[in-house]
$ cat start-v7.pdb   # PDB, C-alpha atoms and all ligand atoms
ATOM      1  CA  MET A   1       0.000   0.000   0.000  1.00  0.00           C
ATOM      2  CA  ASN A   2       1.284   3.520  -0.746  1.00  0.00           C
ATOM      3  CA  SER A   3       0.719   6.434   1.612  1.00  0.00           C
ATOM      4  CA  ASP A   4      -2.427   7.678  -0.227  1.00  0.00           C
ATOM      5  CA  GLU A   5      -3.949   4.212   0.060  1.00  0.00           C
ATOM      6  CA  TYR A   6      -3.104   4.058   3.777  1.00  0.00           C
ATOM      7  CA  GLN A   7      -4.681   7.480   4.267  1.00  0.00           C
ATOM      8  CA  ARG A   8      -7.888   6.477   2.472  1.00  0.00           C
ATOM      9  CA  ALA A   9      -8.104   3.186   4.377  1.00  0.00           C
ATOM     10  CA  HIS A  10      -7.469   5.038   7.668  1.00  0.00           C
ATOM     11  CA  GLN A  11     -10.289   7.491   6.906  1.00  0.00           C
ATOM     12  CA  GLN A  12     -12.672   4.612   6.110  1.00  0.00           C
ATOM     13  CA  LEU A  13     -11.681   2.906   9.352  1.00  0.00           C
ATOM     14  CA  LEU A  14     -12.527   6.048  11.337  1.00  0.00           C
ATOM     15  CA  GLU A  15     -15.936   6.204   9.640  1.00  0.00           C
ATOM     16  CA  ARG A  16     -16.512   2.554  10.633  1.00  0.00           C
ATOM     17  CA  VAL A  17     -15.487   3.277  14.242  1.00  0.00           C
ATOM     18  CA  VAL A  18     -17.861   6.262  14.373  1.00  0.00           C
ATOM     19  CA  ALA A  19     -20.690   4.118  12.941  1.00  0.00           C
ATOM     20  CA  GLU A  20     -20.024   1.278  15.368  1.00  0.00           C
ATOM     21  CA  THR A  21     -19.999   3.699  18.305  1.00  0.00           C
ATOM     22  CA  ARG A  22     -23.438   4.903  17.195  1.00  0.00           C
ATOM     23  CA  GLU A  23     -24.754   1.362  16.649  1.00  0.00           C
ATOM     24  CA  THR A  24     -23.646   0.169  20.114  1.00  0.00           C
ATOM     25  CA  GLY A  25     -24.765   3.375  21.862  1.00  0.00           C
ATOM     26  CA  GLY A  26     -27.934   1.715  23.194  1.00  0.00           C
ATOM     27  CA  ALA A  27     -25.771  -0.682  25.222  1.00  0.00           C
ATOM     28  CA  THR A  28     -22.804   1.550  26.053  1.00  0.00           C
ATOM     29  CA  GLY A  29     -24.671   4.811  26.595  1.00  0.00           C
ATOM     30  CA  LEU A  30     -22.044   6.404  24.360  1.00  0.00           C
ATOM     31  CA  TYR A  31     -23.288   7.318  20.881  1.00  0.00           C
ATOM     32  CA  GLU A  32     -20.433   9.626  19.892  1.00  0.00           C
ATOM     33  CA  LEU A  33     -16.694   9.722  20.412  1.00  0.00           C
ATOM     34  CA  SER A  34     -15.177  12.978  21.615  1.00  0.00           C
ATOM     35  CA  GLU A  35     -13.282  15.104  19.106  1.00  0.00           C
ATOM     36  CA  ARG A  36     -10.075  14.512  21.150  1.00  0.00           C
ATOM     37  CA  VAL A  37     -10.277  10.735  20.868  1.00  0.00           C
ATOM     38  CA  LEU A  38     -11.264  10.841  17.191  1.00  0.00           C
ATOM     39  CA  GLN A  39      -8.364  13.146  16.379  1.00  0.00           C
ATOM     40  CA  VAL A  40      -5.886  10.871  18.103  1.00  0.00           C
ATOM     41  CA  MET A  41      -7.331   7.772  16.402  1.00  0.00           C
ATOM     42  CA  ALA A  42      -6.754   9.642  13.127  1.00  0.00           C
ATOM     43  CA  THR A  43      -3.097  10.329  13.890  1.00  0.00           C
ATOM     44  CA  VAL A  44      -1.848   6.950  15.146  1.00  0.00           C
ATOM     45  CA  PRO A  45      -0.618   4.896  12.142  1.00  0.00           C
ATOM     46  CA  ARG A  46      -1.948   1.389  12.938  1.00  0.00           C
ATOM     47  CA  HIS A  47       0.074  -0.203  10.133  1.00  0.00           C
ATOM     48  CA  ARG A  48       3.221   0.559  12.153  1.00  0.00           C
ATOM     49  CA  PHE A  49       1.933  -1.743  14.934  1.00  0.00           C
ATOM     50  CA  VAL A  50       1.056  -4.849  12.898  1.00  0.00           C
ATOM     51  CA  LEU A  51       3.237  -7.569  11.387  1.00  0.00           C
ATOM     52  CA  PRO A  52       4.443  -6.812   7.826  1.00  0.00           C
ATOM     53  CA  GLU A  53       2.265  -9.614   6.418  1.00  0.00           C
ATOM     54  CA  GLN A  54      -0.788  -7.958   8.040  1.00  0.00           C
ATOM     55  CA  HIS A  55      -0.219  -4.476   6.544  1.00  0.00           C
ATOM     56  CA  GLY A  56      -3.127  -4.869   4.128  1.00  0.00           C
ATOM     57  CA  TRP A  57      -5.476  -5.486   7.095  1.00  0.00           C
ATOM     58  CA  ALA A  58      -4.169  -2.720   9.376  1.00  0.00           C
ATOM     59  CA  TYR A  59      -7.115  -0.381   8.683  1.00  0.00           C
ATOM     60  CA  VAL A  60      -9.837  -2.996   8.883  1.00  0.00           C
ATOM     61  CA  ASP A  61     -11.819  -2.793  12.136  1.00  0.00           C
ATOM     62  CA  MET A  62     -10.728  -6.107  13.576  1.00  0.00           C
ATOM     63  CA  PRO A  63      -8.122  -7.525  15.966  1.00  0.00           C
ATOM     64  CA  LEU A  64      -5.070  -9.029  14.232  1.00  0.00           C
ATOM     65  CA  PRO A  65      -2.422 -11.520  15.338  1.00  0.00           C
ATOM     66  CA  ILE A  66       0.864  -9.936  16.483  1.00  0.00           C
ATOM     67  CA  GLY A  67       2.701 -13.213  17.174  1.00  0.00           C
ATOM     68  CA  LEU A  68       3.294 -15.196  20.377  1.00  0.00           C
ATOM     69  CA  GLY A  69      -0.427 -15.994  20.522  1.00  0.00           C
ATOM     70  CA  GLN A  70      -1.415 -12.341  21.135  1.00  0.00           C
ATOM     71  CA  THR A  71      -3.411  -9.742  19.220  1.00  0.00           C
ATOM     72  CA  ILE A  72      -3.590  -6.031  18.486  1.00  0.00           C
ATOM     73  CA  SER A  73      -7.030  -4.851  19.634  1.00  0.00           C
ATOM     74  CA  GLN A  74      -9.905  -3.891  17.339  1.00  0.00           C
ATOM     75  CA  PRO A  75      -9.800  -0.109  16.676  1.00  0.00           C
ATOM     76  CA  PHE A  76     -13.441   0.389  17.736  1.00  0.00           C
ATOM     77  CA  ILE A  77     -12.656  -1.248  21.096  1.00  0.00           C
ATOM     78  CA  VAL A  78      -9.500   0.884  21.466  1.00  0.00           C
ATOM     79  CA  ALA A  79     -11.557   4.022  20.812  1.00  0.00           C
ATOM     80  CA  LEU A  80     -14.353   2.927  23.161  1.00  0.00           C
ATOM     81  CA  MET A  81     -12.020   1.982  26.032  1.00  0.00           C
ATOM     82  CA  THR A  82     -10.088   5.240  25.594  1.00  0.00           C
ATOM     83  CA  GLU A  83     -13.313   7.238  25.709  1.00  0.00           C
ATOM     84  CA  LEU A  84     -14.451   5.356  28.827  1.00  0.00           C
ATOM     85  CA  LEU A  85     -11.102   6.010  30.506  1.00  0.00           C
ATOM     86  CA  ALA A  86     -11.215   9.669  29.409  1.00  0.00           C
ATOM     87  CA  PRO A  87      -7.565  10.484  30.167  1.00  0.00           C
ATOM     88  CA  GLY A  88      -6.936  14.171  30.735  1.00  0.00           C
ATOM     89  CA  PRO A  89      -3.771  16.030  29.628  1.00  0.00           C
ATOM     90  CA  GLU A  90      -2.422  16.052  33.198  1.00  0.00           C
ATOM     91  CA  ASP A  91      -3.174  12.391  33.909  1.00  0.00           C
ATOM     92  CA  ALA A  92      -0.841   9.500  34.654  1.00  0.00           C
ATOM     93  CA  VAL A  93      -2.291   6.308  33.200  1.00  0.00           C
ATOM     94  CA  LEU A  94      -1.384   2.679  33.781  1.00  0.00           C
ATOM     95  CA  GLU A  95      -1.990   0.194  30.979  1.00  0.00           C
ATOM     96  CA  ILE A  96      -1.871  -3.564  31.497  1.00  0.00           C
ATOM     97  CA  GLY A  97      -1.186  -5.556  28.308  1.00  0.00           C
ATOM     98  CA  THR A  98       0.994  -3.425  26.018  1.00  0.00           C
ATOM     99  CA  GLY A  99       0.759  -5.956  23.160  1.00  0.00           C
ATOM    100  CA  SER A 100       1.783  -4.093  20.001  1.00  0.00           C
ATOM    101  CA  GLY A 101       1.728  -0.697  21.743  1.00  0.00           C
ATOM    102  CA  TYR A 102      -1.163   0.628  19.606  1.00  0.00           C
ATOM    103  CA  GLN A 103      -3.491   1.416  22.528  1.00  0.00           C
ATOM    104  CA  THR A 104      -0.437   2.777  24.386  1.00  0.00           C
ATOM    105  CA  ALA A 105       0.233   5.237  21.549  1.00  0.00           C
ATOM    106  CA  VAL A 106      -3.380   6.446  21.602  1.00  0.00           C
ATOM    107  CA  LEU A 107      -3.186   7.002  25.367  1.00  0.00           C
ATOM    108  CA  ALA A 108       0.206   8.715  25.115  1.00  0.00           C
ATOM    109  CA  ARG A 109      -1.264  11.384  22.839  1.00  0.00           C
ATOM    110  CA  LEU A 110      -3.970  12.165  25.406  1.00  0.00           C
ATOM    111  CA  ALA A 111      -2.349  11.761  28.832  1.00  0.00           C
ATOM    112  CA  ARG A 112       0.679  13.333  30.511  1.00  0.00           C
ATOM    113  CA  GLN A 113       2.399   9.984  31.129  1.00  0.00           C
ATOM    114  CA  VAL A 114       1.617   6.364  30.300  1.00  0.00           C
ATOM    115  CA  TYR A 115       3.077   3.397  32.171  1.00  0.00           C
ATOM    116  CA  SER A 116       2.507   0.136  30.343  1.00  0.00           C
ATOM    117  CA  LEU A 117       3.151  -3.428  31.523  1.00  0.00           C
ATOM    118  CA  GLU A 118       3.417  -6.453  29.249  1.00  0.00           C
ATOM    119  CA  ARG A 119       3.860 -10.066  30.403  1.00  0.00           C
ATOM    120  CA  ILE A 120       5.825 -11.169  27.308  1.00  0.00           C
ATOM    121  CA  PRO A 121       9.284  -9.509  27.229  1.00  0.00           C
ATOM    122  CA  GLU A 122       9.664  -9.755  23.396  1.00  0.00           C
ATOM    123  CA  LEU A 123       6.384  -7.857  22.902  1.00  0.00           C
ATOM    124  CA  ALA A 124       7.316  -5.254  25.525  1.00  0.00           C
ATOM    125  CA  GLU A 125      10.651  -4.649  23.831  1.00  0.00           C
ATOM    126  CA  ALA A 126       9.200  -4.402  20.307  1.00  0.00           C
ATOM    127  CA  ALA A 127       6.421  -2.062  21.464  1.00  0.00           C
ATOM    128  CA  ALA A 128       8.852   0.193  23.352  1.00  0.00           C
ATOM    129  CA  GLN A 129      10.986   0.511  20.223  1.00  0.00           C
ATOM    130  CA  ARG A 130       7.974   1.310  18.006  1.00  0.00           C
ATOM    131  CA  LEU A 131       6.730   3.960  20.432  1.00  0.00           C
ATOM    132  CA  GLN A 132      10.181   5.508  20.566  1.00  0.00           C
ATOM    133  CA  GLU A 133      10.383   5.552  16.741  1.00  0.00           C
ATOM    134  CA  LEU A 134       7.069   7.429  16.714  1.00  0.00           C
ATOM    135  CA  GLY A 135       8.575  10.018  19.054  1.00  0.00           C
ATOM    136  CA  LEU A 136       6.307   9.223  22.012  1.00  0.00           C
ATOM    137  CA  ALA A 137       8.560  10.173  24.902  1.00  0.00           C
ATOM    138  CA  ASN A 138       5.897  10.116  27.639  1.00  0.00           C
ATOM    139  CA  VAL A 139       5.650   6.303  27.740  1.00  0.00           C
ATOM    140  CA  ALA A 140       7.437   3.805  29.961  1.00  0.00           C
ATOM    141  CA  VAL A 141       7.052   0.132  28.992  1.00  0.00           C
ATOM    142  CA  ARG A 142       8.136  -2.663  31.309  1.00  0.00           C
ATOM    143  CA  ALA A 143       7.918  -6.461  31.091  1.00  0.00           C
ATOM    144  CA  GLY A 144       6.109  -7.888  34.099  1.00  0.00           C
ATOM    145  CA  ASP A 145       2.882  -9.114  35.653  1.00  0.00           C
ATOM    146  CA  GLY A 146       0.334  -6.343  35.337  1.00  0.00           C
ATOM    147  CA  CYS A 147      -1.927  -7.965  37.938  1.00  0.00           C
ATOM    148  CA  LEU A 148       0.448  -6.509  40.515  1.00  0.00           C
ATOM    149  CA  GLY A 149       0.259  -3.033  38.998  1.00  0.00           C
ATOM    150  CA  TRP A 150       3.244  -0.661  39.091  1.00  0.00           C
ATOM    151  CA  GLU A 151       3.628   0.172  42.770  1.00  0.00           C
ATOM    152  CA  GLU A 152       6.523   2.654  42.402  1.00  0.00           C
ATOM    153  CA  GLN A 153       4.510   4.913  40.053  1.00  0.00           C
ATOM    154  CA  ALA A 154       1.125   4.584  41.798  1.00  0.00           C
ATOM    155  CA  PRO A 155      -1.420   6.048  42.291  1.00  0.00           C
ATOM    156  CA  PHE A 156      -2.848   6.492  38.788  1.00  0.00           C
ATOM    157  CA  ASP A 157      -5.612   8.746  37.478  1.00  0.00           C
ATOM    158  CA  GLY A 158      -6.727   5.934  35.200  1.00  0.00           C
ATOM    159  CA  ILE A 159      -5.971   2.252  34.624  1.00  0.00           C
ATOM    160  CA  ILE A 160      -6.826   0.290  31.496  1.00  0.00           C
ATOM    161  CA  VAL A 161      -6.520  -3.482  31.165  1.00  0.00           C
ATOM    162  CA  THR A 162      -6.489  -4.898  27.645  1.00  0.00           C
ATOM    163  CA  ALA A 163      -6.695  -8.607  28.502  1.00  0.00           C
ATOM    164  CA  ALA A 164      -9.601 -10.488  30.090  1.00  0.00           C
ATOM    165  CA  ALA A 165      -9.401 -10.857  33.857  1.00  0.00           C
ATOM    166  CA  SER A 166     -11.305 -13.597  35.678  1.00  0.00           C
ATOM    167  CA  ASP A 167     -11.489 -11.125  38.584  1.00  0.00           C
ATOM    168  CA  VAL A 168     -10.474  -7.491  38.952  1.00  0.00           C
ATOM    169  CA  PRO A 169      -6.907  -7.572  40.381  1.00  0.00           C
ATOM    170  CA  GLU A 170      -7.028  -6.086  43.852  1.00  0.00           C
ATOM    171  CA  ALA A 171      -3.664  -4.293  43.400  1.00  0.00           C
ATOM    172  CA  LEU A 172      -5.090  -2.294  40.502  1.00  0.00           C
ATOM    173  CA  VAL A 173      -8.035  -1.042  42.535  1.00  0.00           C
ATOM    174  CA  ARG A 174      -5.617  -0.075  45.307  1.00  0.00           C
ATOM    175  CA  GLN A 175      -3.345   1.798  42.873  1.00  0.00           C
ATOM    176  CA  LEU A 176      -6.224   3.868  41.477  1.00  0.00           C
ATOM    177  CA  LYS A 177      -6.543   7.454  42.771  1.00  0.00           C
ATOM    178  CA  PRO A 178      -9.794   8.555  44.389  1.00  0.00           C
ATOM    179  CA  GLY A 179     -11.795  10.002  41.488  1.00  0.00           C
ATOM    180  CA  GLY A 180      -9.990   7.616  39.103  1.00  0.00           C
ATOM    181  CA  ARG A 181     -11.335   5.082  36.619  1.00  0.00           C
ATOM    182  CA  LEU A 182     -10.417   1.499  35.802  1.00  0.00           C
ATOM    183  CA  VAL A 183     -11.551   0.034  32.468  1.00  0.00           C
ATOM    184  CA  ILE A 184     -11.295  -3.749  32.296  1.00  0.00           C
ATOM    185  CA  PRO A 185     -12.815  -6.753  30.502  1.00  0.00           C
ATOM    186  CA  VAL A 186     -13.960  -9.245  33.155  1.00  0.00           C
ATOM    187  CA  GLY A 187     -14.749 -12.869  32.424  1.00  0.00           C
ATOM    188  CA  LEU A 188     -13.373 -16.225  31.466  1.00  0.00           C
ATOM    189  CA  PRO A 189     -11.073 -16.810  28.492  1.00  0.00           C
ATOM    190  CA  HIS A 190     -12.522 -18.099  25.210  1.00  0.00           C
ATOM    191  CA  GLN A 191     -15.942 -16.729  26.154  1.00  0.00           C
ATOM    192  CA  THR A 192     -17.584 -13.349  25.875  1.00  0.00           C
ATOM    193  CA  GLN A 193     -16.428 -11.073  28.683  1.00  0.00           C
ATOM    194  CA  ASP A 194     -18.017  -8.035  30.252  1.00  0.00           C
ATOM    195  CA  LEU A 195     -16.283  -4.699  29.639  1.00  0.00           C
ATOM    196  CA  GLN A 196     -16.531  -2.894  32.977  1.00  0.00           C
ATOM    197  CA  VAL A 197     -15.784   0.600  34.239  1.00  0.00           C
ATOM    198  CA  LEU A 198     -14.912   0.884  37.943  1.00  0.00           C
ATOM    199  CA  GLU A 199     -15.031   4.366  39.447  1.00  0.00           C
ATOM    200  CA  LYS A 200     -13.413   5.107  42.783  1.00  0.00           C
ATOM    201  CA  ASP A 201     -14.997   8.020  44.613  1.00  0.00           C
ATOM    202  CA  GLU A 202     -13.227  10.464  46.934  1.00  0.00           C
ATOM    203  CA  GLN A 203     -14.072   8.203  49.910  1.00  0.00           C
ATOM    204  CA  GLY A 204     -12.475   5.197  48.184  1.00  0.00           C
ATOM    205  CA  GLN A 205     -15.814   3.502  47.416  1.00  0.00           C
ATOM    206  CA  VAL A 206     -15.921   1.701  44.070  1.00  0.00           C
ATOM    207  CA  GLN A 207     -18.905   1.678  41.705  1.00  0.00           C
ATOM    208  CA  VAL A 208     -18.957  -0.849  38.858  1.00  0.00           C
ATOM    209  CA  ARG A 209     -20.727  -0.378  35.531  1.00  0.00           C
ATOM    210  CA  SER A 210     -21.061  -2.989  32.757  1.00  0.00           C
ATOM    211  CA  VAL A 211     -20.644  -1.527  29.302  1.00  0.00           C
ATOM    212  CA  LEU A 212     -20.495  -4.129  26.527  1.00  0.00           C
ATOM    213  CA  PRO A 213     -19.776  -7.808  25.831  1.00  0.00           C
ATOM    214  CA  VAL A 214     -16.230  -8.130  24.433  1.00  0.00           C
ATOM    215  CA  VAL A 215     -13.686 -10.839  23.620  1.00  0.00           C
ATOM    216  CA  PHE A 216     -10.069 -10.506  24.788  1.00  0.00           C
ATOM    217  CA  VAL A 217      -7.094 -12.842  25.235  1.00  0.00           C
ATOM    218  CA  PRO A 218      -6.681 -13.831  28.899  1.00  0.00           C
ATOM    219  CA  LEU A 219      -4.893 -11.827  31.567  1.00  0.00           C
ATOM    220  CA  ILE A 220      -2.355 -14.310  32.920  1.00  0.00           C
ATOM    221  CA  GLY A 221      -0.836 -13.523  36.302  1.00  0.00           C
ATOM    222  CA  SER A 222      -1.180 -13.554  40.065  1.00  0.00           C
ATOM    223  CA  PHE A 223      -4.579 -12.457  41.266  1.00  0.00           C
TER     224      PHE A 223
HETATM  225  N1  LIG A 301      -3.918  -3.211  23.477  1.00  0.00           N
HETATM  226  C1  LIG A 301      -2.940  -4.038  22.808  1.00  0.00           C
HETATM  227  C2  LIG A 301      -2.698  -3.535  21.414  1.00  0.00           C
HETATM  228  O1  LIG A 301      -3.438  -2.658  20.965  1.00  0.00           O
HETATM  229  O2  LIG A 301      -1.788  -4.056  20.765  1.00  0.00           O
HETATM  230  C3  LIG A 301      -3.390  -5.446  22.727  1.00  0.00           C
HETATM  231  C4  LIG A 301      -3.258  -6.171  23.975  1.00  0.00           C
HETATM  232  S1  LIG A 301      -3.489  -7.908  23.785  1.00  0.00           S
HETATM  233  C5  LIG A 301      -5.182  -8.024  23.435  1.00  0.00           C
HETATM  234  C6  LIG A 301      -3.334  -8.367  25.505  1.00  0.00           C
HETATM  235  C7  LIG A 301      -1.917  -8.350  25.995  1.00  0.00           C
HETATM  236  O3  LIG A 301      -1.945  -8.570  27.408  1.00  0.00           O
HETATM  237  C8  LIG A 301      -1.043  -9.452  25.422  1.00  0.00           C
HETATM  238  O4  LIG A 301       0.073  -8.910  24.788  1.00  0.00           O
HETATM  239  C9  LIG A 301      -0.659 -10.285  26.637  1.00  0.00           C
HETATM  240  O5  LIG A 301       0.636 -10.834  26.583  1.00  0.00           O
HETATM  241  C10 LIG A 301      -0.785  -9.276  27.754  1.00  0.00           C
HETATM  242  N2  LIG A 301      -0.962  -9.823  29.108  1.00  0.00           N
HETATM  243  C11 LIG A 301      -1.661 -10.912  29.511  1.00  0.00           C
HETATM  244  N3  LIG A 301      -1.567 -11.067  30.837  1.00  0.00           N
HETATM  245  C12 LIG A 301      -0.781 -10.052  31.290  1.00  0.00           C
HETATM  246  C13 LIG A 301      -0.323  -9.658  32.587  1.00  0.00           C
HETATM  247  N4  LIG A 301      -0.629 -10.330  33.706  1.00  0.00           N
HETATM  248  N5  LIG A 301       0.458  -8.570  32.662  1.00  0.00           N
HETATM  249  C14 LIG A 301       0.802  -7.854  31.555  1.00  0.00           C
HETATM  250  N6  LIG A 301       0.397  -8.179  30.313  1.00  0.00           N
HETATM  251  C15 LIG A 301      -0.393  -9.264  30.184  1.00  0.00           C
END
$ encode --input "start-v7.pdb" --output "structure tokens" --more "lines below"
Ligand code: SAM
Amino acid sequence: MNSDEYQRAHQQLLERVVAETRETGGATGLYELSERVLQVMATVPRHRFVLPEQHGWAYVDMPLPIGLGQTISQPFIVALMTELLAPGPEDAVLEIGTGSGYQTAVLARLARQVYSLERIPELAEAAAQRLQELGLANVAVRAGDGCLGWEEQAPFDGIIVTAAASDVPEALVRQLKPGGRLVIPVGLPHQTQDLQVLEKDEQGQVQVRSVLPVVFVPLIGSF
């Protein structure tokens, strides 16, 4: 694909993401993406995050294999989870499940600082290099078990988990600031999971809201 073709395909992808947001609005309560999130989705080149043999599929609204049994998330889900997290320009965000680094790049263009943990060292290393090549200096990627969070950098304004957890890891709730939000797919692997938003109020009480059925690879770690 040449750069004009990428641009056209990227534009069509954004139109699909906008349409899907509208179509799922009855369930999610969110019929429109904010201009901020849409603009960032328009600037992150997804083809840079997929395997060379997948370049032709980079701007199709679907997850794709990235090797080692893992996937890059579907753009609509990336947009939806970003909108639900709603990272502000002064926010520090923790991401669990760096994968290709695509969601990380979207977050990095919205938040002050992104900390991202990936269980598989080869993926963490490749993602860190890609993010650096794209000039995203406000990202720290580390290989490790995201179920334990990132204690040294806590607390976080927002936490996003991009793998399916059988239960919400307790460390992540603890590392969330009062007023913060945790977006996480909850459920068993190889089944439909429940995308949830947990909000911690100023008193530390947590409210949980179910948003949409989703399918993610499993979160593997110590709960
Ligand atoms: N958002 C990513 C992207 O756009 O490329 C896709 C993430 S992929 C669906 C889920 C990732 O979570 C995988 O790379 C997997 O290795 C990672 N993962 C699973 N369990 C983990 C854990 N306990 N800690 C950190 N990463 C984990």
$ residues_around --input "start-v7.pdb" --residues "range 82-89 of chain A" --least-positions-apart "5" --cutoff "10 Å" --atoms "only C-alpha atoms" --output "PyMOL selection string"
chain A and resi 28+30+32-34+36-38+41+76-77+103+106-113+157-160+180-184+196-199+211
$ closest_residue --input "start-v7.pdb" --among "A:Val215, A:Leu68, A:Val173, A:Val93" --to "Gly187 in chain A" --atoms "all atoms listed in the file"
A:Val215
$ resolve_selection --input "start-v7.pdb" --expression "the PyMOL selection byres (((chain A and resi 48) around 10) and not hetatm)" --output "PyMOL selection string"
chain A and resi 44-47+49-52+55+58+100-102+130-131+133-134
$ closest_residue --input "start-v7.pdb" --among "A:Val206, A:Val78, A:Ala42, A:Val114" --to "Leu13 in chain A" --atoms "all atoms listed in the file"
A:Ala42
$ residues_near_ligand --input "start-v7.pdb" --ligand "ligand LIG 301 (chain A)" --cutoff "6 Å" --atoms "all atoms listed in the file" --output "ChimeraX atom specification"
/A:70-73,96-103,117-120,144-147,162-163,216-221
$ closest_residue --input "start-v7.pdb" --among "A:Glu170, A:Glu20, A:Glu95, A:Glu90" --to "Ala143 in chain A" --atoms "all atoms listed in the file"
A:Glu95
$ build_atoms --input "start-v7.pdb" --residues "range 71-89 of chain A" --atoms "N, CA and C atoms" --output "PDB file, in the frame of the given file"
ATOM      1  N   THR A  71      -2.739 -10.521  20.273  1.00  0.00           N
ATOM      2  CA  THR A  71      -3.411  -9.742  19.220  1.00  0.00           C
ATOM      3  C   THR A  71      -3.291  -8.242  19.482  1.00  0.00           C
ATOM      4  N   ILE A  72      -3.385  -7.481  18.380  1.00  0.00           N
ATOM      5  CA  ILE A  72      -3.590  -6.031  18.486  1.00  0.00           C
ATOM      6  C   ILE A  72      -5.106  -5.861  18.540  1.00  0.00           C
ATOM      7  N   SER A  73      -5.591  -4.983  19.425  1.00  0.00           N
ATOM      8  CA  SER A  73      -7.030  -4.851  19.634  1.00  0.00           C
ATOM      9  C   SER A  73      -7.740  -4.221  18.434  1.00  0.00           C
ATOM     10  N   GLN A  74      -9.045  -4.473  18.385  1.00  0.00           N
ATOM     11  CA  GLN A  74      -9.905  -3.891  17.339  1.00  0.00           C
ATOM     12  C   GLN A  74      -9.978  -2.372  17.548  1.00  0.00           C
ATOM     13  N   PRO A  75      -9.787  -1.574  16.505  1.00  0.00           N
ATOM     14  CA  PRO A  75      -9.800  -0.109  16.676  1.00  0.00           C
ATOM     15  C   PRO A  75     -11.054   0.436  17.372  1.00  0.00           C
ATOM     16  N   PHE A  76     -12.236  -0.100  17.056  1.00  0.00           N
ATOM     17  CA  PHE A  76     -13.441   0.389  17.736  1.00  0.00           C
ATOM     18  C   PHE A  76     -13.323   0.187  19.247  1.00  0.00           C
ATOM     19  N   ILE A  77     -12.791  -0.965  19.659  1.00  0.00           N
ATOM     20  CA  ILE A  77     -12.656  -1.248  21.096  1.00  0.00           C
ATOM     21  C   ILE A  77     -11.597  -0.328  21.718  1.00  0.00           C
ATOM     22  N   VAL A  78     -10.535  -0.054  20.972  1.00  0.00           N
ATOM     23  CA  VAL A  78      -9.500   0.884  21.466  1.00  0.00           C
ATOM     24  C   VAL A  78     -10.125   2.265  21.684  1.00  0.00           C
ATOM     25  N   ALA A  79     -10.916   2.701  20.704  1.00  0.00           N
ATOM     26  CA  ALA A  79     -11.557   4.022  20.812  1.00  0.00           C
ATOM     27  C   ALA A  79     -12.541   4.041  21.987  1.00  0.00           C
ATOM     28  N   LEU A  80     -13.347   2.981  22.089  1.00  0.00           N
ATOM     29  CA  LEU A  80     -14.353   2.927  23.161  1.00  0.00           C
ATOM     30  C   LEU A  80     -13.683   2.923  24.543  1.00  0.00           C
ATOM     31  N   MET A  81     -12.667   2.074  24.713  1.00  0.00           N
ATOM     32  CA  MET A  81     -12.020   1.982  26.032  1.00  0.00           C
ATOM     33  C   MET A  81     -11.309   3.292  26.376  1.00  0.00           C
ATOM     34  N   THR A  82     -10.750   3.946  25.364  1.00  0.00           N
ATOM     35  CA  THR A  82     -10.088   5.240  25.594  1.00  0.00           C
ATOM     36  C   THR A  82     -11.114   6.274  26.043  1.00  0.00           C
ATOM     37  N   GLU A  83     -12.248   6.275  25.364  1.00  0.00           N
ATOM     38  CA  GLU A  83     -13.313   7.238  25.709  1.00  0.00           C
ATOM     39  C   GLU A  83     -13.832   6.972  27.127  1.00  0.00           C
ATOM     40  N   LEU A  84     -13.964   5.702  27.483  1.00  0.00           N
ATOM     41  CA  LEU A  84     -14.451   5.356  28.827  1.00  0.00           C
ATOM     42  C   LEU A  84     -13.430   5.759  29.896  1.00  0.00           C
ATOM     43  N   LEU A  85     -12.147   5.627  29.553  1.00  0.00           N
ATOM     44  CA  LEU A  85     -11.102   6.010  30.506  1.00  0.00           C
ATOM     45  C   LEU A  85     -11.016   7.530  30.623  1.00  0.00           C
ATOM     46  N   ALA A  86     -11.231   8.200  29.480  1.00  0.00           N
ATOM     47  CA  ALA A  86     -11.215   9.669  29.409  1.00  0.00           C
ATOM     48  C   ALA A  86      -9.968  10.285  30.043  1.00  0.00           C
ATOM     49  N   PRO A  87      -8.784   9.922  29.561  1.00  0.00           N
ATOM     50  CA  PRO A  87      -7.565  10.484  30.167  1.00  0.00           C
ATOM     51  C   PRO A  87      -7.419  11.974  29.870  1.00  0.00           C
ATOM     52  N   GLY A  88      -7.127  12.727  30.897  1.00  0.00           N
ATOM     53  CA  GLY A  88      -6.936  14.171  30.735  1.00  0.00           C
ATOM     54  C   GLY A  88      -5.468  14.468  30.464  1.00  0.00           C
ATOM     55  N   PRO A  89      -5.157  15.687  29.984  1.00  0.00           N
ATOM     56  CA  PRO A  89      -3.771  16.030  29.628  1.00  0.00           C
ATOM     57  C   PRO A  89      -2.804  16.028  30.805  1.00  0.00           C
TER      58      PRO A  89
END
